[in-house]
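S.K.: First, the structure itself, so that you have it in front of you.
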Amino acid sequence: MKYTLVLDAFAAAWRGKQQLVLTVSGETVTEVTYRGDTSEPVYRHVSVTHALQQMNHQGGLTSFAATLALCQAIEALCVITVAPRAAWVRCVYAEIERILSHTVAIHDVLDALGIEQLVQVARAVRQNLGQAMHILQTEGHLASQCLPGGVRSDVSEQNRQELLTLLPHIDQQLGQMIHRVLDQRLILMRTVDVGTLQRTAAEGLRRRGPLARASGQTLDMRLDEPYAAYHHLSVQRVVREDGDVHSRLLVLLLEAKASVKLMEQALASMPVADWQGMIPTTLPAGLAQGTVEAPRGMLRCLIESDGERLSEVTLDVPCPFDRLLARTLLVGAWLDNVVLIARSTDPCLPDAPHLSLIETEAV
């Protein structure tokens, strides 16, 4: 029997609808065939304004990370110093985006497990995050808040206090889910030793972010090459060794909880100083890059300027659930675990209905 795992386009890493055709013998996957395209997004001969607009719409749940990487590249090219307070505000935006992205992935894994009580908690976290976004007055458009040299708007004292009141509720909800994931027998039975990605395989496949850190890798650009105000914050490196669905779910939960603490630190200690950013009026010719730790791992933006416009902008994004990873995780897996394993890799999808398994033909 053959089944098709359909992954709809959503974010920068997805360059069109993609499909994984699974050949199944009995209840076990024996072969995986990939259909699609994961070429890197490239933009040519664009103004800084247009490039920023593209980042705003390309990244999906990582749009702020993509825009921040572009701004850092422009700052390096033009030798622009980031306004002191803006470095802290950027961390606030980056971490709320990380919590939101991780919570979507957590929701989808819990939904695949059928743990409705925890699915409801994940939805409550997303509702509180929506309230936090409203407090920040982003109206869902985090990416537009980042400009070369600073940010578009400051976090007011009233908004800062409101966020510091709301964040402990999100922390408590995430802690509740972590406790259940660690102790609930049904979750352990369905996730431990399921969909395992060994560290050597993760390194060979050049995985990044939570997916890699759940397999024992340690790279986190916030710690290893700090940017914005991360060198002032207590960033926690979350690493698990087992590389299975349980490890991936736990890393997402622990990182989301740690991001709440980072937001609280940044909000409590940000200096009273300049924060404004602006579009540079001139560009020198040359090459530059900006690198950040996006929710799904290291994201790099490389730019080339001809002295008037950006002649080329390239995003090096964390690789999604591609053919090599799919073959590594799914060949030999039970058919009933396919969607669960795929969702646990956080494959750049907005919500669960966009990842579906369809019976296509008999073999």
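Every chain in the structure tokens has a letter given in the order shown (A, B, ...), and although residue numbers restart at 1 in each chain, ligands are simply numbered from 1 in the order shown.
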Taking 4 positions as the minimum chain separation for residues in the same chain, which residues sit within 7 Å of Val155 of chain A when counting only C-alpha atoms? Answer as a compact mmCIF listing (two decimals) with C-alpha atoms, in the first residue's frame.
M.R.:
# COMPACT_ATOMS: atom_id res chain seq x y z
CA LEU A 136 3.09 45.04 22.41
CA ASN A 159 2.97 47.79 28.35
CA ARG A 160 6.08 46.58 30.16
S.K.: Using only C-alpha atoms, which residues of segment 174-284 of chain A come within 12 Å of segment 47-52 of chain A, and what is the closest atom pair for each, with the distance in Å to one decimal? Give it as a Markdown table, sorted by chain and residue number.
M.R.:
| residue | atom | partner | partner_atom | distance |
| --- | --- | --- | --- | --- |
| A:Met278 | CA | A:Thr49 | CA | 10.1 |
| A:Ile279 | CA | A:Val48 | CA | 7.1 |
| A:Pro280 | CA | A:Val48 | CA | 8.0 |
| A:Thr281 | CA | A:Val48 | CA | 9.3 |
| A:Thr282 | CA | A:Val48 | CA | 9.8 |
| A:Leu283 | CA | A:Val48 | CA | 9.1 |
S.K.: Going by DSSP on the backbone, which residues of segment 107-315 of chain A come out as strand (DSSP E)? List them as a ChimeraX atom specification.
M.R.: /A:146-147,150-151,285-294,297-306,310-315
S.K.: Please identify the helix (DSSP H, G or I) residues within segment 169-280 of chain A (assignment by DSSP from backbone atoms) and present them as a PDB file with N, CA and C atoms, in the first residue's frame.
M.R.:
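Final output, saved to result-v9.pdb:
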ATOM      1  N   HIS A 169       1.634  33.685  34.088  1.00  0.00           N
ATOM      2  CA  HIS A 169       0.537  32.768  33.745  1.00  0.00           C
ATOM      3  C   HIS A 169       0.967  31.823  32.626  1.00  0.00           C
ATOM      4  N   ILE A 170       1.670  32.356  31.617  1.00  0.00           N
ATOM      5  CA  ILE A 170       2.180  31.507  30.539  1.00  0.00           C
ATOM      6  C   ILE A 170       3.198  30.523  31.087  1.00  0.00           C
ATOM      7  N   ASP A 171       4.070  30.987  31.977  1.00  0.00           N
ATOM      8  CA  ASP A 171       5.074  30.124  32.598  1.00  0.00           C
ATOM      9  C   ASP A 171       4.415  28.977  33.350  1.00  0.00           C
ATOM     10  N   GLN A 172       3.362  29.270  34.077  1.00  0.00           N
ATOM     11  CA  GLN A 172       2.648  28.243  34.839  1.00  0.00           C
ATOM     12  C   GLN A 172       2.010  27.207  33.906  1.00  0.00           C
ATOM     13  N   GLN A 173       1.411  27.664  32.813  1.00  0.00           N
ATOM     14  CA  GLN A 173       0.782  26.739  31.869  1.00  0.00           C
ATOM     15  C   GLN A 173       1.821  25.824  31.215  1.00  0.00           C
ATOM     16  N   LEU A 174       2.960  26.370  30.837  1.00  0.00           N
ATOM     17  CA  LEU A 174       4.023  25.550  30.250  1.00  0.00           C
ATOM     18  C   LEU A 174       4.561  24.556  31.275  1.00  0.00           C
ATOM     19  N   GLY A 175       4.700  24.989  32.523  1.00  0.00           N
ATOM     20  CA  GLY A 175       5.153  24.089  33.577  1.00  0.00           C
ATOM     21  C   GLY A 175       4.191  22.929  33.786  1.00  0.00           C
ATOM     22  N   GLN A 176       2.903  23.204  33.677  1.00  0.00           N
ATOM     23  CA  GLN A 176       1.892  22.147  33.796  1.00  0.00           C
ATOM     24  C   GLN A 176       2.069  21.101  32.707  1.00  0.00           C
ATOM     25  N   MET A 177       2.317  21.548  31.478  1.00  0.00           N
ATOM     26  CA  MET A 177       2.508  20.603  30.382  1.00  0.00           C
ATOM     27  C   MET A 177       3.793  19.808  30.554  1.00  0.00           C
ATOM     28  N   ILE A 178       4.868  20.458  30.989  1.00  0.00           N
ATOM     29  CA  ILE A 178       6.137  19.758  31.197  1.00  0.00           C
ATOM     30  C   ILE A 178       5.970  18.642  32.222  1.00  0.00           C
ATOM     31  N   HIS A 179       5.278  18.938  33.312  1.00  0.00           N
ATOM     32  CA  HIS A 179       5.058  17.935  34.365  1.00  0.00           C
ATOM     33  C   HIS A 179       4.325  16.716  33.801  1.00  0.00           C
ATOM     34  N   ARG A 180       3.306  16.944  32.994  1.00  0.00           N
ATOM     35  CA  ARG A 180       2.530  15.832  32.440  1.00  0.00           C
ATOM     36  C   ARG A 180       3.353  15.038  31.422  1.00  0.00           C
ATOM     37  N   VAL A 181       4.121  15.726  30.604  1.00  0.00           N
ATOM     38  CA  VAL A 181       4.941  15.038  29.598  1.00  0.00           C
ATOM     39  C   VAL A 181       5.997  14.156  30.255  1.00  0.00           C
ATOM     40  N   LEU A 182       6.518  14.598  31.393  1.00  0.00           N
ATOM     41  CA  LEU A 182       7.534  13.815  32.098  1.00  0.00           C
ATOM     42  C   LEU A 182       6.948  12.606  32.815  1.00  0.00           C
ATOM     43  N   ASP A 183       5.673  12.707  33.252  1.00  0.00           N
ATOM     44  CA  ASP A 183       5.132  11.691  34.160  1.00  0.00           C
ATOM     45  C   ASP A 183       4.002  10.833  33.591  1.00  0.00           C
ATOM     46  N   ARG A 185       2.070   8.187  31.746  1.00  0.00           N
ATOM     47  CA  ARG A 185       2.485   6.920  31.148  1.00  0.00           C
ATOM     48  C   ARG A 185       2.091   6.825  29.679  1.00  0.00           C
ATOM     49  N   LEU A 186       0.889   7.277  29.338  1.00  0.00           N
ATOM     50  CA  LEU A 186       0.437   7.191  27.945  1.00  0.00           C
ATOM     51  C   LEU A 186       1.375   7.978  27.026  1.00  0.00           C
ATOM     52  N   ILE A 187       1.790   9.172  27.451  1.00  0.00           N
ATOM     53  CA  ILE A 187       2.695   9.977  26.636  1.00  0.00           C
ATOM     54  C   ILE A 187       4.040   9.281  26.497  1.00  0.00           C
ATOM     55  N   LEU A 188       4.551   8.736  27.589  1.00  0.00           N
ATOM     56  CA  LEU A 188       5.833   8.041  27.543  1.00  0.00           C
ATOM     57  C   LEU A 188       5.769   6.831  26.604  1.00  0.00           C
ATOM     58  N   MET A 189       4.695   6.071  26.666  1.00  0.00           N
ATOM     59  CA  MET A 189       4.548   4.879  25.823  1.00  0.00           C
ATOM     60  C   MET A 189       4.520   5.239  24.345  1.00  0.00           C
ATOM     61  N   ARG A 190       3.902   6.381  24.006  1.00  0.00           N
ATOM     62  CA  ARG A 190       3.747   6.762  22.603  1.00  0.00           C
ATOM     63  C   ARG A 190       4.951   7.517  22.037  1.00  0.00           C
ATOM     64  N   THR A 191       5.843   8.028  22.906  1.00  0.00           N
ATOM     65  CA  THR A 191       6.889   8.938  22.414  1.00  0.00           C
ATOM     66  C   THR A 191       8.315   8.478  22.674  1.00  0.00           C
ATOM     67  N   ARG A 199      22.444  11.339  17.331  1.00  0.00           N
ATOM     68  CA  ARG A 199      23.267  12.542  17.187  1.00  0.00           C
ATOM     69  C   ARG A 199      24.112  12.497  15.922  1.00  0.00           C
ATOM     70  N   THR A 200      24.703  11.348  15.617  1.00  0.00           N
ATOM     71  CA  THR A 200      25.533  11.244  14.416  1.00  0.00           C
ATOM     72  C   THR A 200      24.712  11.519  13.158  1.00  0.00           C
ATOM     73  N   ALA A 201      23.464  11.035  13.142  1.00  0.00           N
ATOM     74  CA  ALA A 201      22.592  11.276  11.991  1.00  0.00           C
ATOM     75  C   ALA A 201      22.210  12.751  11.924  1.00  0.00           C
ATOM     76  N   ALA A 202      21.899  13.352  13.062  1.00  0.00           N
ATOM     77  CA  ALA A 202      21.548  14.779  13.089  1.00  0.00           C
ATOM     78  C   ALA A 202      22.706  15.629  12.589  1.00  0.00           C
ATOM     79  N   GLU A 203      23.924  15.277  12.976  1.00  0.00           N
ATOM     80  CA  GLU A 203      25.095  16.010  12.510  1.00  0.00           C
ATOM     81  C   GLU A 203      25.315  15.804  11.023  1.00  0.00           C
ATOM     82  N   GLY A 204      25.154  14.565  10.565  1.00  0.00           N
ATOM     83  CA  GLY A 204      25.343  14.281   9.143  1.00  0.00           C
ATOM     84  C   GLY A 204      24.314  14.971   8.267  1.00  0.00           C
ATOM     85  N   GLY A 209      18.799  23.793  15.607  1.00  0.00           N
ATOM     86  CA  GLY A 209      17.731  24.192  16.506  1.00  0.00           C
ATOM     87  C   GLY A 209      17.263  23.099  17.446  1.00  0.00           C
ATOM     88  N   PRO A 210      16.003  23.175  17.912  1.00  0.00           N
ATOM     89  CA  PRO A 210      15.473  22.196  18.860  1.00  0.00           C
ATOM     90  C   PRO A 210      15.575  20.758  18.361  1.00  0.00           C
ATOM     91  N   LEU A 211      15.386  20.546  17.075  1.00  0.00           N
ATOM     92  CA  LEU A 211      15.491  19.205  16.512  1.00  0.00           C
ATOM     93  C   LEU A 211      16.876  18.626  16.771  1.00  0.00           C
ATOM     94  N   ALA A 212      17.920  19.425  16.539  1.00  0.00           N
ATOM     95  CA  ALA A 212      19.288  18.979  16.774  1.00  0.00           C
ATOM     96  C   ALA A 212      19.595  18.873  18.262  1.00  0.00           C
ATOM     97  N   ARG A 213      19.128  19.851  19.039  1.00  0.00           N
ATOM     98  CA  ARG A 213      19.420  19.834  20.475  1.00  0.00           C
ATOM     99  C   ARG A 213      18.720  18.678  21.186  1.00  0.00           C
ATOM    100  N   MET A 221      22.881  30.006  18.839  1.00  0.00           N
ATOM    101  CA  MET A 221      23.593  31.242  18.502  1.00  0.00           C
ATOM    102  C   MET A 221      23.446  32.308  19.569  1.00  0.00           C
ATOM    103  N   ARG A 222      22.402  32.259  20.365  1.00  0.00           N
ATOM    104  CA  ARG A 222      22.230  33.233  21.437  1.00  0.00           C
ATOM    105  C   ARG A 222      23.339  33.103  22.480  1.00  0.00           C
ATOM    106  N   LEU A 223      23.890  31.896  22.617  1.00  0.00           N
ATOM    107  CA  LEU A 223      24.984  31.646  23.549  1.00  0.00           C
ATOM    108  C   LEU A 223      26.339  31.616  22.863  1.00  0.00           C
ATOM    109  N   ASP A 224      26.396  31.013  21.679  1.00  0.00           N
ATOM    110  CA  ASP A 224      27.677  30.774  21.023  1.00  0.00           C
ATOM    111  C   ASP A 224      28.182  31.979  20.244  1.00  0.00           C
ATOM    112  N   TYR A 230      21.601  39.523  24.178  1.00  0.00           N
ATOM    113  CA  TYR A 230      21.667  38.193  24.780  1.00  0.00           C
ATOM    114  C   TYR A 230      22.869  38.003  25.690  1.00  0.00           C
ATOM    115  N   HIS A 231      23.957  38.749  25.453  1.00  0.00           N
ATOM    116  CA  HIS A 231      25.106  38.614  26.349  1.00  0.00           C
ATOM    117  C   HIS A 231      24.814  39.183  27.735  1.00  0.00           C
ATOM    118  N   HIS A 232      23.706  39.912  27.892  1.00  0.00           N
ATOM    119  CA  HIS A 232      23.298  40.416  29.203  1.00  0.00           C
ATOM    120  C   HIS A 232      22.279  39.499  29.877  1.00  0.00           C
ATOM    121  N   VAL A 245      10.786  11.257  19.848  1.00  0.00           N
ATOM    122  CA  VAL A 245       9.672  12.208  19.898  1.00  0.00           C
ATOM    123  C   VAL A 245       9.564  12.835  21.284  1.00  0.00           C
ATOM    124  N   HIS A 246       9.756  12.028  22.311  1.00  0.00           N
ATOM    125  CA  HIS A 246       9.665  12.546  23.679  1.00  0.00           C
ATOM    126  C   HIS A 246      10.700  13.640  23.918  1.00  0.00           C
ATOM    127  N   SER A 247      11.931  13.419  23.470  1.00  0.00           N
ATOM    128  CA  SER A 247      12.985  14.420  23.644  1.00  0.00           C
ATOM    129  C   SER A 247      12.664  15.697  22.884  1.00  0.00           C
ATOM    130  N   ARG A 248      12.149  15.559  21.663  1.00  0.00           N
ATOM    131  CA  ARG A 248      11.829  16.746  20.868  1.00  0.00           C
ATOM    132  C   ARG A 248      10.702  17.551  21.506  1.00  0.00           C
ATOM    133  N   LEU A 249       9.682  16.860  22.002  1.00  0.00           N
ATOM    134  CA  LEU A 249       8.572  17.552  22.665  1.00  0.00           C
ATOM    135  C   LEU A 249       9.062  18.256  23.929  1.00  0.00           C
ATOM    136  N   LEU A 250       9.920  17.584  24.687  1.00  0.00           N
ATOM    137  CA  LEU A 250      10.403  18.167  25.932  1.00  0.00           C
ATOM    138  C   LEU A 250      11.310  19.372  25.667  1.00  0.00           C
ATOM    139  N   VAL A 251      12.156  19.304  24.653  1.00  0.00           N
ATOM    140  CA  VAL A 251      13.012  20.443  24.316  1.00  0.00           C
ATOM    141  C   VAL A 251      12.165  21.651  23.932  1.00  0.00           C
ATOM    142  N   LEU A 252      11.128  21.435  23.132  1.00  0.00           N
ATOM    143  CA  LEU A 252      10.251  22.540  22.749  1.00  0.00           C
ATOM    144  C   LEU A 252       9.601  23.172  23.982  1.00  0.00           C
ATOM    145  N   LEU A 253       9.126  22.351  24.903  1.00  0.00           N
ATOM    146  CA  LEU A 253       8.479  22.859  26.107  1.00  0.00           C
ATOM    147  C   LEU A 253       9.471  23.600  27.006  1.00  0.00           C
ATOM    148  N   LEU A 254      10.634  23.006  27.236  1.00  0.00           N
ATOM    149  CA  LEU A 254      11.627  23.625  28.117  1.00  0.00           C
ATOM    150  C   LEU A 254      12.169  24.919  27.517  1.00  0.00           C
ATOM    151  N   GLU A 255      12.364  24.941  26.190  1.00  0.00           N
ATOM    152  CA  GLU A 255      12.842  26.177  25.563  1.00  0.00           C
ATOM    153  C   GLU A 255      11.778  27.263  25.622  1.00  0.00           C
ATOM    154  N   ALA A 256      10.525  26.899  25.428  1.00  0.00           N
ATOM    155  CA  ALA A 256       9.456  27.899  25.516  1.00  0.00           C
ATOM    156  C   ALA A 256       9.399  28.484  26.924  1.00  0.00           C
ATOM    157  N   LYS A 257       9.516  27.630  27.932  1.00  0.00           N
ATOM    158  CA  LYS A 257       9.489  28.110  29.318  1.00  0.00           C
ATOM    159  C   LYS A 257      10.701  29.004  29.603  1.00  0.00           C
ATOM    160  N   ALA A 258      11.867  28.607  29.089  1.00  0.00           N
ATOM    161  CA  ALA A 258      13.061  29.429  29.269  1.00  0.00           C
ATOM    162  C   ALA A 258      12.918  30.774  28.569  1.00  0.00           C
ATOM    163  N   SER A 259      12.213  30.800  27.440  1.00  0.00           N
ATOM    164  CA  SER A 259      12.002  32.062  26.722  1.00  0.00           C
ATOM    165  C   SER A 259      11.121  33.015  27.514  1.00  0.00           C
ATOM    166  N   VAL A 260      10.165  32.476  28.264  1.00  0.00           N
ATOM    167  CA  VAL A 260       9.354  33.336  29.138  1.00  0.00           C
ATOM    168  C   VAL A 260      10.258  34.042  30.139  1.00  0.00           C
ATOM    169  N   LYS A 261      11.196  33.297  30.732  1.00  0.00           N
ATOM    170  CA  LYS A 261      12.124  33.883  31.697  1.00  0.00           C
ATOM    171  C   LYS A 261      13.013  34.943  31.037  1.00  0.00           C
ATOM    172  N   LEU A 262      13.442  34.684  29.792  1.00  0.00           N
ATOM    173  CA  LEU A 262      14.264  35.665  29.081  1.00  0.00           C
ATOM    174  C   LEU A 262      13.482  36.943  28.822  1.00  0.00           C
ATOM    175  N   MET A 263      12.198  36.804  28.454  1.00  0.00           N
ATOM    176  CA  MET A 263      11.369  37.991  28.271  1.00  0.00           C
ATOM    177  C   MET A 263      11.260  38.779  29.564  1.00  0.00           C
ATOM    178  N   GLU A 264      11.049  38.072  30.671  1.00  0.00           N
ATOM    179  CA  GLU A 264      10.937  38.753  31.960  1.00  0.00           C
ATOM    180  C   GLU A 264      12.238  39.484  32.301  1.00  0.00           C
ATOM    181  N   GLN A 265      13.375  38.831  32.065  1.00  0.00           N
ATOM    182  CA  GLN A 265      14.670  39.473  32.332  1.00  0.00           C
ATOM    183  C   GLN A 265      14.851  40.723  31.472  1.00  0.00           C
ATOM    184  N   ALA A 266      14.564  40.598  30.182  1.00  0.00           N
ATOM    185  CA  ALA A 266      14.761  41.722  29.267  1.00  0.00           C
ATOM    186  C   ALA A 266      13.853  42.888  29.636  1.00  0.00           C
ATOM    187  N   LEU A 267      12.592  42.586  29.956  1.00  0.00           N
ATOM    188  CA  LEU A 267      11.653  43.646  30.312  1.00  0.00           C
ATOM    189  C   LEU A 267      12.027  44.317  31.626  1.00  0.00           C
ATOM    190  N   ALA A 268      12.571  43.526  32.569  1.00  0.00           N
ATOM    191  CA  ALA A 268      12.888  44.073  33.886  1.00  0.00           C
ATOM    192  C   ALA A 268      14.166  44.903  33.894  1.00  0.00           C
ATOM    193  N   SER A 269      15.069  44.658  32.931  1.00  0.00           N
ATOM    194  CA  SER A 269      16.391  45.292  33.013  1.00  0.00           C
ATOM    195  C   SER A 269      16.738  46.166  31.809  1.00  0.00           C
TER     196      SER A 269
END
S.K.: Which one is closest to Ser156 of chain A: A:Ile135, A:Val194, A:Ser215, A:Ala124? Count only C-alpha atoms.
M.R.: A:Ile135
S.K.: So how many Å separate atom CA of Pro148 of chain A and atom CA of Glu75 of chain A, to one decimal?
M.R.: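 About the pair atom CA of Pro148 of chain A and atom CA of Glu75 of chain A: they are 6.1 Å apart.
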S.K.: Determine the nearest neighbour of His57 of chain A from the options A:Val331, A:Met270, A:Ala229, A:Ala143, counting only C-alpha atoms.
M.R.: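 Comparing A:Val331, A:Met270, A:Ala229, A:Ala143 against His57 of chain A, the winner is A:Ala143.
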S.K.: Counting only C-alpha atoms, figure out which residue out of A:Leu113, A:Val339, A:Leu205, A:Ala122 gets nearest to Leu324 of chain A.
M.R.: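 Of all the options, A:Leu205 lies closest to Leu324 of chain A.
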S.K.: Which one of A:Arg85, A:Arg309, A:Arg300, A:His141 sits closest to Arg44 of chain A if you count only C-alpha atoms?
M.R.: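 Result for the nearest residue to Arg44 of chain A: A:Arg309.
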S.K.: Can you check which parts of segment 126-160 of chain A lie within 7 Å of segment 87-102 of chain A? Per residue, the shortest pair of atoms and distance in Å to one decimal, counting only C-alpha atoms, sorted by chain and number, as CSV.
M.R.:
residue,atom,partner,partner_atom,distance
A:Arg126,CA,A:Leu100,CA,6.7
A:Leu129,CA,A:Leu100,CA,6.8
A:Leu142,CA,A:Tyr93,CA,6.7
S.K.: Could you write out the selected residues, including C-alpha atoms, as a JSON list (two decimals), in the first residue's frame?
M.R.:
[["chain", "number", "residue", "atom", "x", "y", "z"],
["A", 126, "ARG", "CA", -1.55, 30.70, 22.47],
["A", 129, "LEU", "CA", 0.50, 34.99, 23.69],
["A", 142, "LEU", "CA", 6.33, 41.20, 14.80]]
S.K.: Within 9 Å of Glu162 of chain A, counting only C-alpha atoms, which residues show up once you throw out same-chain ones fewer than 4 positions away? Write them as a PDB file with C-alpha atoms, in the first residue's frame, please.
M.R.:
ATOM      1  CA  ALA A 132       0.901  39.681  24.847  1.00  0.00           C
ATOM      2  CA  ILE A 135      -0.007  44.562  24.552  1.00  0.00           C
ATOM      3  CA  GLU A 157       6.181  51.515  30.745  1.00  0.00           C
ATOM      4  CA  GLN A 158       2.498  50.575  30.906  1.00  0.00           C
ATOM      5  CA  LEU A 166       0.875  38.221  32.117  1.00  0.00           C
ATOM      6  CA  LEU A 167       4.068  36.209  31.618  1.00  0.00           C
TER       7      LEU A 167
END
S.K.: For Asn128 of chain A, which residue among A:Gln19, A:Thr165, A:Ser153, A:Ser311 is the nearest when counting only C-alpha atoms?
M.R.: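 Distance minimum relative to Asn128 of chain A lands on A:Thr165.
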S.K.: Using only C-alpha atoms, can you tell me which of A:Ser344, A:Asn337, A:Gln289, A:Gln53 comes closest to Leu77 of chain A?
M.R.: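 When distances to Leu77 of chain A are compared using only C-alpha atoms, the smallest one comes from A:Gln289.
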